[in-house]
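Undergrad: Dropping the structure in here first, questions after.
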Amino acid sequence: MKLKYFISILTILFIAGAAVFWMNYTKPYDLPEVTANGSVTDFNLDFSTEKETVNRETGNEEENKYYEALEQIEHKNKEEGIRQLKEIVKENPENMVFSNQLRLVLTNEEKYEEALEFFNSIPVESSRLELQKALVFIDNLQQPSLGTASLGQKSTQSIAILDDVIEENNNDWMAHYARGLNNLYWPVGLQRTKKSIQDLSFCVSVAENTDIQHDTLFAEAYTAYGDALIKDGQINEGYQVWKDGFEKYPESESLRERANLSKDDAQTIVQKERGIDNFMKPSPELTDLSKFW
């Protein structure tokens, strides 16, 4: 009798725990309201320093060191170049040109743990460094040996970091965008697509309701948002997002391709690039942020 009672209690606790887990798993994100007076600083979209670096406008010591490190990596001593680049990131953790390049170099060498350990070793609280950590897990998805369970685990670890960034600043555009993309590649049956739609709708709302100009960034957001709606079965809505995005950003190749598709072909391109019933690995180029400055 006691054993049956004990088993009954365990069953009830298990069911209750599963119910709580499912409620949290499917709970909508708490998204901020987008106001017309929002600035690049509000949404953490100020890449002016990054643009100065890639255009070599300042000629300062850090900039010179960076290009010397790239020369080492590309043509001389790769390990020495990586060491130099790490020092530059330590000294300039907010400049995403440096941290983005270091992450790409390390993860292209499949040194994922080294990249994470390095970013974790910098004693500075920075949402931009946290973003790089989250992207290391996405870079990690390129390993051919990873099965579906491992893909989900890596994506979940990335999302957890982005959750923390957003908890600190609910307006952080890049964190919402990265989290939206994370969820976009999950199979529809695991019910992450609606979460993707929520984050990506916020990203598009910033493009539509503020005076911020980030053509490449916002065009990518329109593309992903339309893809998420299509993946969710909202064909007309997703197609309209593509059309609206292409009207605003006619230089975008991805939006041009999608806007000229028939609605019958909409799911085909989403299936090919994002997956629908399967866990799709994102393209390796997805995490290279350099196209945004």
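Residues are referred to by chain and number: the chain letter is A, B, ... according to the order shown in the structure tokens, the number counts from 1 in that chain, and ligands are numbered separately from 1 in the order shown.
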Write out as a PDB file with C-alpha atoms, in the first residue's frame which residues come within 8 Å of Leu129 of chain A when counting only C-alpha atoms, dropping same-chain ones fewer than 6 positions away.

TA:
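Resulting contents of around31.pdb:
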ATOM      1  CA  PRO A  93      36.271  44.060 -26.117  1.00  0.00           C
ATOM      2  CA  GLU A  94      33.544  46.372 -27.451  1.00  0.00           C
ATOM      3  CA  SER A  99      36.075  39.770 -31.596  1.00  0.00           C
ATOM      4  CA  PHE A 119      35.829  35.038 -24.264  1.00  0.00           C
TER       5      PHE A 119
END

Undergrad: Excluding Gln240 of chain A and residues on its chain fewer than 2 positions from it, collect all residues at most 12 Å away from it, counting only C-alpha atoms, and give them as a ChimeraX atom specification.

TA: /A:222-223,225-227,229-230,234-238,242-247,255,258-263,266

Undergrad: Compile the contact shell of Leu85 of chain A as number ranges by chain: residues with an atom at most 9 Å away, counting only C-alpha atoms, same-chain residues fewer than 4 positions apart removed.

TA: A: 65-66, 69-70, 80-81, 89-90, 98-99, 101-102

Undergrad: With C-alpha atoms retained, could you export that selection as a compact mmCIF listing (two decimals), in the first residue's frame?

TA:
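again_7.txt, freshly written:
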# COMPACT_ATOMS: atom_id res chain seq x y z
CA LYS A 65 47.97 46.04 -34.58
CA TYR A 66 44.80 44.41 -35.92
CA ALA A 69 47.73 40.34 -36.78
CA LEU A 70 45.67 39.56 -39.89
CA GLU A 80 51.35 34.25 -33.50
CA GLY A 81 48.65 36.16 -35.33
CA VAL A 89 40.28 41.81 -28.20
CA LYS A 90 41.28 41.99 -24.53
CA PHE A 98 38.19 42.27 -33.52
CA SER A 99 36.07 39.77 -31.60
CA GLN A 101 37.40 38.00 -36.60
CA LEU A 102 38.96 36.11 -33.73

Undergrad: Could you give me the residues within segment 90-262 of chain A that DSSP places in helix (DSSP H, G or I), as a PyMOL selection string?

TA: chain A and resi 90-91+96-108+112-121+127-140+148-168+173-184+188-190+193-209+215-231+235-248+253-259

Undergrad: Can you work out which one of A:Asp172, A:Tyr239, A:Thr193, A:Glu285 has the shortest atom-to-atom distance to Val40 of chain A, counting only C-alpha atoms?

TA: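 The shortest atom-to-atom distance to Val40 of chain A comes from A:Asp172.
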
Undergrad: Pick out the closest residue to Asp163 of chain A from this set: A:Ile88, A:Leu217, A:Ala134, A:Leu151. Count only C-alpha atoms.

TA: A:Ala134

Undergrad: Env of Thr107 of chain A: 12 Å cut, atoms = only C-alpha atoms, seq-sep filter 3 positions within chain, self excluded. Answer as a ChimeraX atom specification.

TA: /A:82,100-104,110-116,132-133,135-143,284,287-288

Undergrad: I need the chosen residues saved as a short mmCIF file (atom, residue, chain, number, x, y, z; two decimals), in the first residue's frame, with N, CA, C and O atoms.

TA:
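As a result, selection.cif now contains:
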data_model
loop_
_atom_site.label_atom_id
_atom_site.label_comp_id
_atom_site.auth_asym_id
_atom_site.auth_seq_id
_atom_site.Cartn_x
_atom_site.Cartn_y
_atom_site.Cartn_z
N ILE A 82 47.09 34.79 -34.08
CA ILE A 82 45.96 34.56 -33.16
C ILE A 82 46.29 35.12 -31.78
O ILE A 82 45.44 35.75 -31.13
N ASN A 100 34.76 39.45 -33.63
CA ASN A 100 34.16 38.66 -34.69
C ASN A 100 35.23 37.92 -35.49
O ASN A 100 35.12 36.71 -35.77
N GLN A 101 36.33 38.62 -35.83
CA GLN A 101 37.40 38.00 -36.60
C GLN A 101 38.08 36.89 -35.82
O GLN A 101 38.38 35.82 -36.36
N LEU A 102 38.32 37.13 -34.54
CA LEU A 102 38.96 36.11 -33.73
C LEU A 102 38.09 34.86 -33.65
O LEU A 102 38.59 33.73 -33.81
N ARG A 103 36.80 35.04 -33.40
CA ARG A 103 35.90 33.88 -33.32
C ARG A 103 35.89 33.10 -34.63
O ARG A 103 35.96 31.86 -34.61
N LEU A 104 35.84 33.80 -35.74
CA LEU A 104 35.81 33.11 -37.03
C LEU A 104 37.10 32.33 -37.28
O LEU A 104 37.08 31.19 -37.77
N GLU A 110 38.19 24.80 -35.87
CA GLU A 110 37.45 23.90 -34.97
C GLU A 110 37.96 23.99 -33.53
O GLU A 110 37.90 23.02 -32.77
N LYS A 111 38.43 25.18 -33.15
CA LYS A 111 38.88 25.42 -31.78
C LYS A 111 37.76 26.10 -30.99
O LYS A 111 37.90 27.20 -30.48
N TYR A 112 36.63 25.39 -30.90
CA TYR A 112 35.45 25.96 -30.27
C TYR A 112 35.66 26.19 -28.77
O TYR A 112 35.30 27.25 -28.24
N GLU A 113 36.23 25.22 -28.10
CA GLU A 113 36.46 25.36 -26.66
C GLU A 113 37.45 26.48 -26.37
O GLU A 113 37.28 27.23 -25.40
N GLU A 114 38.46 26.59 -27.19
CA GLU A 114 39.43 27.67 -27.00
C GLU A 114 38.77 29.03 -27.14
O GLU A 114 39.05 29.96 -26.38
N ALA A 115 37.87 29.15 -28.13
CA ALA A 115 37.16 30.42 -28.32
C ALA A 115 36.31 30.75 -27.10
O ALA A 115 36.34 31.89 -26.60
N LEU A 116 35.57 29.77 -26.60
CA LEU A 116 34.71 30.01 -25.43
C LEU A 116 35.54 30.36 -24.20
O LEU A 116 35.21 31.29 -23.45
N GLN A 132 29.23 36.99 -28.99
CA GLN A 132 30.25 36.14 -29.61
C GLN A 132 30.23 34.74 -29.01
O GLN A 132 30.37 33.75 -29.73
N LYS A 133 30.02 34.64 -27.70
CA LYS A 133 29.93 33.32 -27.06
C LYS A 133 28.75 32.54 -27.64
O LYS A 133 28.86 31.34 -27.95
N LEU A 135 27.42 32.86 -30.50
CA LEU A 135 27.70 32.49 -31.88
C LEU A 135 28.71 31.36 -32.00
O LEU A 135 28.71 30.62 -32.99
N VAL A 136 29.56 31.19 -30.99
CA VAL A 136 30.49 30.05 -31.00
C VAL A 136 29.69 28.74 -31.05
O VAL A 136 30.05 27.81 -31.78
N PHE A 137 28.60 28.67 -30.30
CA PHE A 137 27.78 27.46 -30.30
C PHE A 137 27.14 27.24 -31.67
O PHE A 137 26.97 26.10 -32.11
N ILE A 138 26.78 28.33 -32.36
CA ILE A 138 26.21 28.19 -33.70
C ILE A 138 27.29 27.75 -34.69
O ILE A 138 27.05 26.90 -35.55
N ASP A 139 28.50 28.32 -34.56
CA ASP A 139 29.62 27.86 -35.39
C ASP A 139 29.84 26.36 -35.20
O ASP A 139 30.16 25.64 -36.15
N ASN A 140 29.67 25.93 -33.96
CA ASN A 140 29.91 24.52 -33.59
C ASN A 140 28.97 23.57 -34.33
O ASN A 140 29.27 22.39 -34.52
N LEU A 141 27.82 24.08 -34.78
CA LEU A 141 26.85 23.24 -35.47
C LEU A 141 27.37 22.73 -36.81
O LEU A 141 26.80 21.79 -37.38
N GLN A 142 28.47 23.32 -37.31
CA GLN A 142 28.99 22.91 -38.61
C GLN A 142 29.72 21.57 -38.56
O GLN A 142 30.05 21.01 -39.61
N GLN A 143 29.99 21.06 -37.36
CA GLN A 143 30.69 19.78 -37.27
C GLN A 143 29.86 18.68 -37.94
O GLN A 143 28.70 18.46 -37.57
N PRO A 284 27.37 28.34 -42.93
CA PRO A 284 28.55 28.83 -42.18
C PRO A 284 28.69 30.34 -42.21
O PRO A 284 29.22 30.93 -41.28
N THR A 287 27.04 33.45 -39.31
CA THR A 287 27.56 34.07 -38.10
C THR A 287 28.66 35.11 -38.34
O THR A 287 29.18 35.67 -37.38
N ASP A 288 28.99 35.36 -39.59
CA ASP A 288 29.99 36.40 -39.88
C ASP A 288 29.30 37.75 -39.85
O ASP A 288 28.54 38.10 -40.76
#
